[in-house]
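The data block below is entry_37.cif; it holds mmCIF, C-alpha atoms.
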```
data_my_file
loop_
_atom_site.label_atom_id
_atom_site.label_comp_id
_atom_site.auth_asym_id
_atom_site.auth_seq_id
_atom_site.Cartn_x
_atom_site.Cartn_y
_atom_site.Cartn_z
CA MET A 1 -168.62 -63.80 -85.25
CA ALA A 2 -168.92 -62.17 -81.84
CA ILE A 3 -165.90 -59.88 -82.13
CA ALA A 4 -165.32 -57.62 -85.12
CA LEU A 5 -161.78 -56.33 -85.21
CA LEU A 6 -161.47 -52.89 -86.77
CA LEU A 7 -161.23 -53.11 -90.56
CA VAL A 8 -157.99 -51.75 -91.92
CA SER A 9 -156.29 -52.07 -95.25
CA ALA A 10 -152.63 -51.22 -95.58
CA CYS A 11 -149.49 -53.30 -95.73
CA SER A 12 -145.90 -53.06 -96.85
CA SER A 13 -143.17 -55.31 -98.08
CA SER A 14 -140.48 -53.39 -96.20
CA ARG A 15 -138.31 -55.52 -93.94
CA ALA A 16 -138.16 -55.19 -90.17
CA ALA A 17 -135.22 -53.01 -89.24
CA VAL A 18 -132.94 -54.61 -86.65
CA GLU A 19 -130.52 -52.30 -84.91
CA PRO A 20 -127.88 -53.70 -82.54
CA THR A 21 -127.51 -52.13 -79.14
CA PRO A 22 -124.56 -49.66 -79.29
CA PRO A 23 -121.56 -50.57 -77.12
CA PRO A 24 -121.03 -48.52 -73.94
CA THR A 25 -118.77 -45.51 -74.30
CA GLU A 26 -115.63 -45.20 -72.21
CA SER A 27 -115.11 -42.25 -69.91
CA SER A 28 -111.98 -41.05 -68.18
CA THR A 29 -113.95 -39.60 -65.28
CA THR A 30 -115.70 -41.41 -62.48
CA THR A 31 -119.47 -41.22 -62.80
CA THR A 32 -122.40 -42.58 -60.90
CA THR A 33 -124.15 -45.22 -62.96
CA ALA A 34 -127.94 -45.07 -62.93
CA PRO A 35 -129.74 -48.35 -62.21
CA ALA A 36 -130.37 -50.35 -65.35
CA PRO A 37 -134.02 -50.10 -66.47
CA SER A 38 -136.15 -53.16 -65.82
CA TYR A 39 -138.09 -54.50 -68.79
CA ARG A 40 -139.59 -57.38 -66.82
CA THR A 41 -143.28 -57.93 -67.44
CA GLN A 42 -145.22 -60.41 -65.34
CA THR A 43 -148.22 -62.09 -66.92
CA ALA A 44 -151.17 -64.00 -65.48
CA THR A 45 -152.71 -66.81 -67.55
CA ALA A 46 -156.08 -68.08 -66.36
CA GLN A 47 -156.36 -71.66 -65.17
CA VAL A 48 -160.10 -71.58 -64.50
CA PRO A 49 -163.01 -71.64 -67.02
CA GLU A 50 -164.13 -68.16 -65.96
CA LEU A 51 -161.75 -65.67 -64.40
CA GLU A 52 -163.32 -63.38 -61.81
CA VAL A 53 -161.83 -59.89 -61.66
CA PHE A 54 -162.63 -57.54 -58.78
CA ALA A 55 -162.78 -53.81 -59.46
CA ASP A 56 -161.83 -52.93 -55.87
CA TRP A 57 -159.23 -54.41 -53.55
CA PRO A 58 -160.81 -57.64 -52.22
CA GLY A 59 -158.28 -58.39 -49.47
CA ASP A 60 -157.75 -57.10 -45.93
CA PRO A 61 -158.99 -53.46 -45.89
CA SER A 62 -156.10 -52.46 -43.62
CA ALA A 63 -153.64 -53.62 -46.31
CA ALA A 64 -155.35 -51.95 -49.26
CA PRO A 65 -152.82 -50.56 -51.79
CA PRO A 66 -153.22 -47.14 -53.43
CA PRO A 67 -155.61 -47.26 -56.41
CA PRO A 68 -154.21 -47.02 -59.94
CA PRO A 69 -154.77 -43.87 -62.03
CA PRO A 70 -158.39 -43.71 -63.19
CA PRO A 71 -159.10 -44.45 -66.86
CA ALA A 72 -159.96 -41.57 -69.14
CA ALA A 73 -163.64 -40.68 -69.41
CA GLU A 74 -165.39 -42.01 -72.48
CA PRO A 75 -166.61 -39.59 -75.16
CA ALA A 76 -170.33 -39.04 -75.43
CA GLY A 77 -172.14 -41.94 -77.10
CA VAL A 78 -169.43 -44.51 -76.36
CA ARG A 79 -170.54 -47.05 -73.77
CA PRO A 80 -168.57 -49.37 -71.47
CA ILE A 81 -167.45 -52.83 -72.61
CA PRO A 82 -168.55 -55.22 -71.20
CA ARG A 83 -171.87 -53.90 -69.92
CA PRO A 84 -175.03 -55.55 -68.58
CA GLY A 85 -177.17 -57.14 -71.28
CA PHE A 86 -174.48 -56.87 -73.97
CA ASN A 87 -172.73 -59.91 -75.43
CA SER A 88 -169.04 -59.08 -75.20
CA ALA A 89 -167.62 -62.36 -76.52
CA GLY A 90 -167.07 -64.07 -73.18
CA ALA A 91 -166.67 -60.94 -71.07
CA ARG A 92 -169.42 -59.77 -68.75
CA LYS A 93 -169.94 -57.13 -66.11
CA THR A 94 -170.60 -58.38 -62.58
CA ALA A 95 -171.65 -56.76 -59.30
CA SER A 96 -168.03 -56.83 -58.07
CA GLY A 97 -166.22 -56.18 -61.34
CA TRP A 98 -165.95 -58.42 -64.39
CA ALA A 99 -165.78 -62.06 -65.48
CA PHE A 100 -163.84 -63.34 -68.49
CA THR A 101 -164.23 -66.72 -70.19
CA ASN A 102 -161.14 -68.91 -70.55
CA PRO A 103 -160.15 -69.82 -73.23
CA THR A 104 -161.04 -66.75 -75.27
CA PHE A 105 -163.56 -66.56 -78.09
CA TYR A 106 -160.74 -67.50 -80.49
CA GLY A 107 -159.63 -70.47 -78.36
CA ASN A 108 -156.51 -68.87 -76.87
CA PRO A 109 -155.52 -68.91 -73.19
CA LEU A 110 -156.79 -65.81 -71.37
CA THR A 111 -153.69 -63.78 -70.47
CA MET A 112 -153.41 -60.43 -68.68
CA VAL A 113 -150.51 -58.19 -67.63
CA VAL A 114 -149.79 -58.04 -63.90
CA THR A 115 -149.17 -54.53 -62.53
CA GLU A 116 -148.91 -55.45 -58.84
CA ASN A 117 -148.26 -58.71 -57.01
CA ARG A 118 -149.64 -58.84 -53.46
CA GLY A 119 -149.18 -62.54 -52.90
CA ASP A 120 -152.68 -64.02 -52.83
CA TRP A 121 -153.98 -61.21 -55.06
CA LEU A 122 -152.70 -59.78 -58.33
CA ARG A 123 -153.63 -56.46 -59.90
CA VAL A 124 -153.98 -56.88 -63.67
CA MET A 125 -154.75 -54.84 -66.76
CA ILE A 126 -158.05 -56.00 -68.26
CA PRO A 127 -159.68 -56.04 -71.73
CA ALA A 128 -162.44 -53.53 -71.00
CA ARG A 129 -163.62 -50.06 -71.94
CA PRO A 130 -162.98 -47.40 -70.72
CA ASN A 131 -159.43 -48.35 -71.71
CA GLY A 132 -156.79 -48.51 -69.02
CA GLN A 133 -158.85 -50.21 -66.33
CA GLN A 134 -157.31 -52.61 -63.83
CA GLY A 135 -158.68 -55.13 -61.38
CA TRP A 136 -157.73 -57.87 -58.93
CA VAL A 137 -157.60 -61.63 -59.52
CA ARG A 138 -156.83 -64.52 -57.19
CA ALA A 139 -153.29 -65.76 -57.63
CA SER A 140 -154.62 -69.31 -57.27
CA ASP A 141 -156.73 -68.83 -60.43
CA VAL A 142 -153.77 -68.09 -62.72
CA THR A 143 -150.28 -69.19 -63.67
CA LEU A 144 -147.60 -66.52 -63.58
CA GLY A 145 -145.13 -65.96 -66.40
CA GLU A 146 -142.43 -63.43 -67.17
CA HIS A 147 -140.75 -61.92 -70.23
CA GLN A 148 -138.86 -58.80 -71.36
CA PHE A 149 -140.61 -57.96 -74.65
CA HIS A 150 -142.07 -54.45 -74.99
CA GLY A 151 -142.89 -51.91 -77.68
CA THR A 152 -143.67 -48.31 -78.45
CA LEU A 153 -145.89 -46.75 -81.11
CA THR A 154 -145.40 -43.05 -81.82
CA LEU A 155 -148.44 -41.84 -83.71
CA SER A 156 -146.91 -38.54 -84.84
CA ASP A 157 -144.29 -40.31 -86.98
CA PHE A 158 -146.16 -43.61 -87.59
CA THR A 159 -143.31 -45.60 -86.04
CA LEU A 160 -143.60 -48.92 -84.22
CA LYS A 161 -140.56 -50.24 -82.34
CA VAL A 162 -140.33 -53.55 -80.49
CA TRP A 163 -137.60 -54.73 -78.14
CA ASN A 164 -136.58 -57.82 -76.23
CA GLY A 165 -135.11 -56.16 -73.17
CA GLU A 166 -132.68 -53.63 -74.63
CA GLU A 167 -132.37 -55.36 -78.00
CA LEU A 168 -134.37 -53.70 -80.77
CA ILE A 169 -135.87 -56.54 -82.82
CA ALA A 170 -138.18 -54.60 -85.16
CA GLN A 171 -138.78 -51.05 -86.33
CA THR A 172 -141.29 -50.12 -89.02
CA GLN A 173 -143.65 -47.47 -90.34
CA VAL A 174 -147.34 -48.32 -89.90
CA VAL A 175 -150.84 -47.14 -90.71
CA ILE A 176 -152.81 -45.62 -87.82
CA GLY A 177 -156.39 -44.47 -87.29
CA ARG A 178 -157.99 -41.59 -89.12
CA ASP A 179 -158.70 -38.36 -87.25
CA THR A 180 -162.35 -39.41 -87.05
CA SER A 181 -161.44 -42.83 -85.59
CA PRO A 182 -158.01 -42.38 -83.98
CA THR A 183 -155.78 -45.03 -82.51
CA PRO A 184 -156.09 -44.63 -78.73
CA VAL A 185 -153.04 -43.60 -76.69
CA GLY A 186 -151.85 -45.23 -73.48
CA ARG A 187 -150.39 -48.57 -72.49
CA VAL A 188 -152.00 -51.61 -74.11
CA TYR A 189 -150.90 -55.22 -74.30
CA ILE A 190 -151.09 -58.00 -76.86
CA ALA A 191 -153.95 -60.14 -75.55
CA GLU A 192 -153.85 -62.92 -78.15
CA LYS A 193 -152.49 -63.89 -81.55
CA ILE A 194 -154.97 -64.93 -84.25
CA PRO A 195 -153.66 -66.51 -87.48
CA GLN A 196 -155.48 -65.68 -90.71
CA ARG A 197 -156.39 -68.23 -93.38
CA ASN A 198 -155.91 -65.67 -96.15
CA ALA A 199 -152.49 -64.12 -95.62
CA GLY A 200 -153.14 -61.81 -98.58
CA GLY A 201 -156.34 -60.38 -97.13
CA ALA A 202 -157.02 -57.11 -95.38
CA TYR A 203 -155.58 -58.37 -92.09
CA GLY A 204 -152.50 -60.03 -93.55
CA PRO A 205 -151.22 -63.26 -91.99
CA TRP A 206 -151.85 -62.35 -88.33
CA ILE A 207 -154.05 -60.30 -86.04
CA LEU A 208 -152.46 -59.38 -82.71
CA ALA A 209 -155.49 -58.29 -80.73
CA THR A 210 -154.95 -55.99 -77.74
CA ASN A 211 -156.93 -55.35 -74.57
CA ALA A 212 -158.02 -51.93 -75.87
CA TYR A 213 -161.06 -50.73 -77.79
CA SER A 214 -161.80 -47.84 -80.11
CA GLU A 215 -162.70 -44.71 -78.18
CA ARG A 216 -164.94 -43.43 -80.97
CA LEU A 217 -166.78 -46.52 -82.26
CA ASP A 218 -169.37 -48.17 -80.04
CA LEU A 219 -169.65 -51.17 -82.40
CA PHE A 220 -167.86 -52.25 -85.52
CA ASP A 221 -169.50 -54.43 -88.16
CA GLY A 222 -171.97 -55.64 -85.54
CA GLY A 223 -169.24 -56.67 -83.06
CA LEU A 224 -166.70 -55.23 -80.66
CA PRO A 225 -164.34 -52.47 -81.91
CA VAL A 226 -161.17 -54.18 -80.68
CA ILE A 227 -157.89 -52.39 -81.37
CA ALA A 228 -155.34 -54.71 -82.99
CA PHE A 229 -151.97 -54.76 -84.71
CA HIS A 230 -152.24 -56.73 -87.94
CA GLY A 231 -151.02 -57.08 -91.49
CA THR A 232 -152.46 -55.48 -94.58
CA ASN A 233 -152.97 -55.80 -98.32
CA GLN A 234 -152.43 -52.11 -99.15
CA PRO A 235 -148.73 -51.37 -98.55
CA GLN A 236 -149.02 -48.04 -100.31
CA LEU A 237 -150.85 -46.61 -97.28
CA ILE A 238 -148.03 -47.28 -94.82
CA GLY A 239 -147.13 -44.03 -93.05
CA SER A 240 -150.64 -42.56 -93.18
CA LYS A 241 -153.87 -42.22 -91.21
CA ALA A 242 -156.20 -44.62 -92.99
CA SER A 243 -157.65 -47.13 -90.50
CA ASN A 244 -160.61 -47.22 -88.14
CA GLY A 245 -158.21 -47.28 -85.19
CA CYS A 246 -156.22 -50.48 -85.70
CA VAL A 247 -152.52 -50.44 -86.55
CA ARG A 248 -151.65 -51.87 -89.97
CA VAL A 249 -148.19 -53.38 -90.02
CA PRO A 250 -146.19 -54.63 -93.05
CA ASN A 251 -146.91 -58.33 -93.48
CA ASP A 252 -143.30 -59.46 -93.06
CA VAL A 253 -143.05 -57.52 -89.80
CA ILE A 254 -146.35 -58.74 -88.35
CA ASP A 255 -145.28 -62.27 -89.20
CA LEU A 256 -142.04 -61.76 -87.27
CA LEU A 257 -143.85 -60.24 -84.29
CA ALA A 258 -146.40 -63.04 -84.20
CA GLN A 259 -143.58 -65.58 -84.02
CA VAL A 260 -141.64 -63.94 -81.17
CA LEU A 261 -144.01 -61.86 -79.02
CA PRO A 262 -145.81 -63.63 -76.17
CA PRO A 263 -149.33 -62.68 -75.04
CA GLY A 264 -148.99 -59.98 -72.44
CA THR A 265 -146.45 -57.90 -74.39
CA PRO A 266 -146.99 -54.23 -73.39
CA ILE A 267 -146.96 -51.50 -76.04
CA ASP A 268 -146.95 -47.82 -75.10
CA ILE A 269 -148.86 -45.72 -77.63
CA THR A 270 -148.06 -42.00 -77.55
CA ALA A 271 -149.20 -39.05 -79.61
#
```

Written as structure tokens, that's how I'd like the structure from this file.
Amino acid sequence: MAIALLLVSACSSSRAAVEPTPPPTESSTTTTTAPAPSYRTQTATAQVPELEVFADWPGDPSAAPPPPPPPAAEPAGVRPIPRPGFNSAGARKTASGWAFTNPTFYGNPLTMVVTENRGDWLRVMIPARPNGQQGWVRASDVTLGEHQFHGTLTLSDFTLKVWNGEELIAQTQVVIGRDTSPTPVGRVYIAEKIPQRNAGGAYGPWILATNAYSERLDLFDGGLPVIAFHGTNQPQLIGSKASNGCVRVPNDVIDLLAQVLPPGTPIDITA
């Protein structure tokens, strides 16, 4: 198997908490209403066998947009993914950026989150390390989609929340990475959903693999140290630091999320 998702082992039978959006409060005074937040996420799904991603703006130099924030530097001993001469399960480094095989190693459509739409060119988040990198793809190579799903993971209180727009659809305690192999912070996205044959195993019924990688492990079990949200068979560890960086979610909750979340769902992980 070319990709080894981080091994984790905790799950819970607690139900997903669903909290309705509170009604607006009335006020007797005239106030200025702030613009409603936009939860729109645009996604790009590859329509070519290999998607070429350019690290630098490939269009008219006079129309070059500002660059995105640079990714964090990697700790000593942790190397880029993909890199020349290293099998990264369909991802490879190129002279101009990267190339990603479509469909993925697990047979799913290759989907990325769009961060800027410039017509013929789209800036997208990519599955690469250092985490947080972005690049440019041809709009003609992808199909655009849109949704309003998004989530947050607060590591300090082990809490994962997921919304559809403003509607909270799930809230749960989770297991996060140990101090020696922490769950990375920053914005990630669900890259693909991988069903498991053994729903009672260490990964539960589903693995929701993200575009991010461990920032401490260079390899895991001979493969790539992909960060994922998945189920577990040790519910007693929920609410603790016990994984190699992945996020262990109660099996009933991960099953719900796998049913409703589309690829390209962003999740903001904060300390």

TODO: Would you list the contacts of A:Gly201 as a ChimeraX atom specification, taking every protein, DNA or RNA residue within 8 Å and counting only C-alpha atoms, but skipping same-chain residues closer than 4 positions in sequence?
DONE: /A:205,232-233

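This file gives the following result for the PyMOL selection byres ((chain A and resi 246) around 7): Leu6, Val8, Ile176, Gly177, Thr183, Ile227, Ala228, Phe229, Ser243, Asn244, Gly245, Val247 and Arg248 of chain A.
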
Open item on the list: Can you pull out the residues contacting A:Arg40? Cut-off 8 Å, using only C-alpha atoms, and skip same-chain residues under 2 positions away; I want them as a PyMOL selection string.
Closed with: chain A and resi 38+42+146-149+165

TODO: List every protein, DNA or RNA residue with an atom no more than 8 Å from (-154.0, -63.4, -74.8) in the file's coordinates, counting all atoms listed in the file, and format the result as a list in words.
DONE: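 Residues found, by chain and rising number: Thr104, Asn108, Pro109, Leu110, Thr111, Met112, Ile190, Ala191, Glu192, Lys193, Ala209, Pro263 and Gly264 of chain A.
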
Task: Of the listed residues A:Gly85, A:Pro250, A:Gly223, A:Pro61, that which approaches A:Trp206 most closely, counting only C-alpha atoms - done: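 Of A:Gly85, A:Pro250, A:Gly223, A:Pro61, the one nearest A:Trp206, counting only C-alpha atoms, is A:Pro250.
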
Open item on the list: If the PyMOL selection byres ((chain A and resi 92-97) around 7) were run on this exact file, what residues would it hold? Put them as an MDAnalysis selection string.
Closed with: chainID A and resid 53:55 82:84 88 90:91 98:100

Do you have, as a tab-separated table, the list of residues of stretch 167-228 of chain A lying at most 10 Å from stretch 119-133 of chain A, each with its nearest atom pair and that distance in Å to one decimal, counting all atoms listed in the file and ordered by chain then number?
```
residue	atom	partner	partner_atom	distance
A:Pro184	CA	A:Asn131	CA	8.6
A:Val185	CA	A:Asn131	CA	9.4
A:Gly186	CA	A:Gly132	CA	7.4
A:Arg187	CA	A:Gly132	CA	7.3
A:Val188	CA	A:Gly132	CA	7.6
A:Tyr189	CA	A:Met125	CA	8.5
A:Ala191	CA	A:Pro127	CA	8.0
A:Thr210	CA	A:Pro127	CA	7.6
A:Asn211	CA	A:Pro127	CA	4.0
A:Ala212	CA	A:Asn131	CA	5.7
A:Tyr213	CA	A:Arg129	CA	6.4
A:Ser214	CA	A:Arg129	CA	8.7
A:Glu215	CA	A:Pro130	CA	7.9
A:Val226	CA	A:Pro127	CA	9.3
```

- [ ] Would you work out the distance separating atom CA of A:Gly145 from atom CA of A:Ala46, expressed in Å to one decimal?
- [x]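 These atoms are spaced 11.2 Å apart.
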
TODO: Might you pull out every residue within 7 Å of A:Val175, with only C-alpha atoms counted and same-chain residues fewer than 5 positions away left off, and present them as a VMD selection string?
DONE: chain A and resid 10 158 237 to 243 247 to 249

The PyMOL selection byres ((chain A and resi 195) around 12) - which residues does that actually catch in the file I just gave you? List them as a JSON list (two decimals) with C-alpha atoms, keeping the file's coordinate frame.
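See out30.json below for the written result:
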```json
[["chain", "number", "residue", "atom", "x", "y", "z"],
["A", 106, "TYR", "CA", -160.74, -67.50, -80.49],
["A", 107, "GLY", "CA", -159.63, -70.47, -78.36],
["A", 108, "ASN", "CA", -156.51, -68.87, -76.87],
["A", 192, "GLU", "CA", -153.85, -62.92, -78.15],
["A", 193, "LYS", "CA", -152.49, -63.89, -81.55],
["A", 194, "ILE", "CA", -154.97, -64.93, -84.25],
["A", 196, "GLN", "CA", -155.48, -65.68, -90.71],
["A", 197, "ARG", "CA", -156.39, -68.23, -93.38],
["A", 198, "ASN", "CA", -155.91, -65.67, -96.15],
["A", 199, "ALA", "CA", -152.49, -64.12, -95.62],
["A", 201, "GLY", "CA", -156.34, -60.38, -97.13],
["A", 203, "TYR", "CA", -155.58, -58.37, -92.09],
["A", 204, "GLY", "CA", -152.50, -60.03, -93.55],
["A", 205, "PRO", "CA", -151.22, -63.26, -91.99],
["A", 206, "TRP", "CA", -151.85, -62.35, -88.33],
["A", 207, "ILE", "CA", -154.05, -60.30, -86.04],
["A", 208, "LEU", "CA", -152.46, -59.38, -82.71],
["A", 209, "ALA", "CA", -155.49, -58.29, -80.73],
["A", 230, "HIS", "CA", -152.24, -56.73, -87.94],
["A", 231, "GLY", "CA", -151.02, -57.08, -91.49],
["A", 254, "ILE", "CA", -146.35, -58.74, -88.35],
["A", 255, "ASP", "CA", -145.28, -62.27, -89.20],
["A", 258, "ALA", "CA", -146.40, -63.04, -84.20],
["A", 259, "GLN", "CA", -143.58, -65.58, -84.02]]
```

Open item on the list: Measuring between all atoms listed in the file, which one of A:Ala271, A:Leu224, A:Leu168, A:Leu155 shows the shortest distance to A:Arg79?
Closed with: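 Ranking A:Ala271, A:Leu224, A:Leu168, A:Leu155 by distance to A:Arg79, first place goes to A:Leu224.
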
TODO: Name the residues in contact with A:Leu144 at a cut-off of 7 Å, using only C-alpha atoms, excluding same-chain residues fewer than 4 positions from it; report them as a PyMOL selection string.
DONE: chain A and resi 42-45

TODO: Give the answer as one residue: which of A:Trp57, A:Ser181, A:Ala76, A:Gly200 has the shortest atom-to-atom distance to A:Gln134, using only C-alpha atoms?
DONE: A:Trp57

Task: Within 6 Å of A:Thr152 using only C-alpha atoms, minus same-chain residues under 6 positions, as a PyMOL selection string - done: chain A and resi 160-161+267-269

Just C-alpha atoms for this one: save the residues we selected as a CSV table (one decimal), keeping the file's coordinate frame.
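Output contents, as saved in result01.csv:
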```
chain,number,residue,atom,x,y,z
A,160,LEU,CA,-143.6,-48.9,-84.2
A,161,LYS,CA,-140.6,-50.2,-82.3
A,267,ILE,CA,-147.0,-51.5,-76.0
A,268,ASP,CA,-147.0,-47.8,-75.1
A,269,ILE,CA,-148.9,-45.7,-77.6
```

Open item on the list: Report, in Å with one decimal, the straight-line distance from atom CA of A:Leu261 to atom CA of A:Glu167.
Closed with: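 The value is 13.4 Å.
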
Missing atoms in stretch 202-231 of chain A: fill them in up to N, CA and C atoms and send the result as a compact mmCIF listing (two decimals), keeping the file's coordinate frame.
```txt
# COMPACT_ATOMS: atom_id res chain seq x y z
N ALA A 202 -157.14 -58.42 -96.01
CA ALA A 202 -157.02 -57.11 -95.38
C ALA A 202 -156.25 -57.14 -94.08
N TYR A 203 -156.27 -58.28 -93.37
CA TYR A 203 -155.58 -58.37 -92.09
C TYR A 203 -154.20 -59.01 -92.20
N GLY A 204 -153.79 -59.39 -93.40
CA GLY A 204 -152.50 -60.03 -93.55
C GLY A 204 -152.49 -61.39 -92.88
N PRO A 205 -151.30 -61.91 -92.53
CA PRO A 205 -151.22 -63.26 -91.99
C PRO A 205 -151.61 -63.39 -90.52
N TRP A 206 -151.59 -62.27 -89.77
CA TRP A 206 -151.85 -62.35 -88.33
C TRP A 206 -152.63 -61.12 -87.85
N ILE A 207 -153.45 -61.36 -86.84
CA ILE A 207 -154.05 -60.30 -86.04
C ILE A 207 -153.51 -60.45 -84.62
N LEU A 208 -152.89 -59.41 -84.10
CA LEU A 208 -152.46 -59.38 -82.71
C LEU A 208 -153.42 -58.46 -81.97
N ALA A 209 -154.45 -59.06 -81.39
CA ALA A 209 -155.49 -58.29 -80.73
C ALA A 209 -155.00 -57.79 -79.38
N THR A 210 -155.36 -56.56 -79.02
CA THR A 210 -154.95 -55.99 -77.74
C THR A 210 -156.14 -55.99 -76.77
N ASN A 211 -155.89 -55.49 -75.59
CA ASN A 211 -156.93 -55.35 -74.57
C ASN A 211 -157.72 -54.06 -74.72
N ALA A 212 -157.41 -53.25 -75.72
CA ALA A 212 -158.02 -51.93 -75.87
C ALA A 212 -159.10 -51.93 -76.94
N TYR A 213 -159.96 -50.91 -76.85
CA TYR A 213 -161.06 -50.73 -77.79
C TYR A 213 -161.01 -49.32 -78.38
N SER A 214 -161.64 -49.17 -79.54
CA SER A 214 -161.80 -47.84 -80.11
C SER A 214 -162.51 -46.93 -79.12
N GLU A 215 -162.07 -45.69 -79.06
CA GLU A 215 -162.70 -44.71 -78.18
C GLU A 215 -163.69 -43.82 -78.93
N ARG A 216 -163.96 -44.17 -80.18
CA ARG A 216 -164.94 -43.43 -80.97
C ARG A 216 -166.09 -44.33 -81.45
N LEU A 217 -165.79 -45.60 -81.72
CA LEU A 217 -166.78 -46.52 -82.26
C LEU A 217 -167.39 -47.35 -81.14
N ASP A 218 -168.72 -47.36 -81.06
CA ASP A 218 -169.37 -48.17 -80.04
C ASP A 218 -169.46 -49.62 -80.49
N LEU A 219 -169.66 -49.85 -81.78
CA LEU A 219 -169.65 -51.17 -82.40
C LEU A 219 -168.89 -51.07 -83.71
N PHE A 220 -168.46 -52.22 -84.20
CA PHE A 220 -167.86 -52.25 -85.52
C PHE A 220 -168.33 -53.49 -86.24
N ASP A 221 -169.01 -53.31 -87.35
CA ASP A 221 -169.50 -54.43 -88.16
C ASP A 221 -170.33 -55.39 -87.31
N GLY A 222 -171.10 -54.84 -86.38
CA GLY A 222 -171.97 -55.64 -85.54
C GLY A 222 -171.29 -56.27 -84.34
N GLY A 223 -169.98 -56.07 -84.16
CA GLY A 223 -169.24 -56.67 -83.06
C GLY A 223 -168.46 -55.64 -82.27
N LEU A 224 -167.48 -56.10 -81.53
CA LEU A 224 -166.70 -55.23 -80.66
C LEU A 224 -165.59 -54.52 -81.43
N PRO A 225 -165.39 -53.23 -81.19
CA PRO A 225 -164.34 -52.47 -81.91
C PRO A 225 -162.97 -52.64 -81.25
N VAL A 226 -162.45 -53.87 -81.29
CA VAL A 226 -161.17 -54.18 -80.68
C VAL A 226 -160.04 -53.51 -81.46
N ILE A 227 -159.08 -52.94 -80.73
CA ILE A 227 -157.89 -52.39 -81.37
C ILE A 227 -156.87 -53.51 -81.53
N ALA A 228 -156.29 -53.64 -82.73
CA ALA A 228 -155.34 -54.71 -82.99
C ALA A 228 -154.19 -54.20 -83.86
N PHE A 229 -153.09 -54.90 -83.77
CA PHE A 229 -151.97 -54.76 -84.71
C PHE A 229 -152.10 -55.93 -85.68
N HIS A 230 -152.09 -55.64 -86.97
CA HIS A 230 -152.24 -56.73 -87.94
C HIS A 230 -151.62 -56.35 -89.27
N GLY A 231 -151.57 -57.33 -90.17
CA GLY A 231 -151.02 -57.08 -91.49
C GLY A 231 -151.98 -56.32 -92.37
```
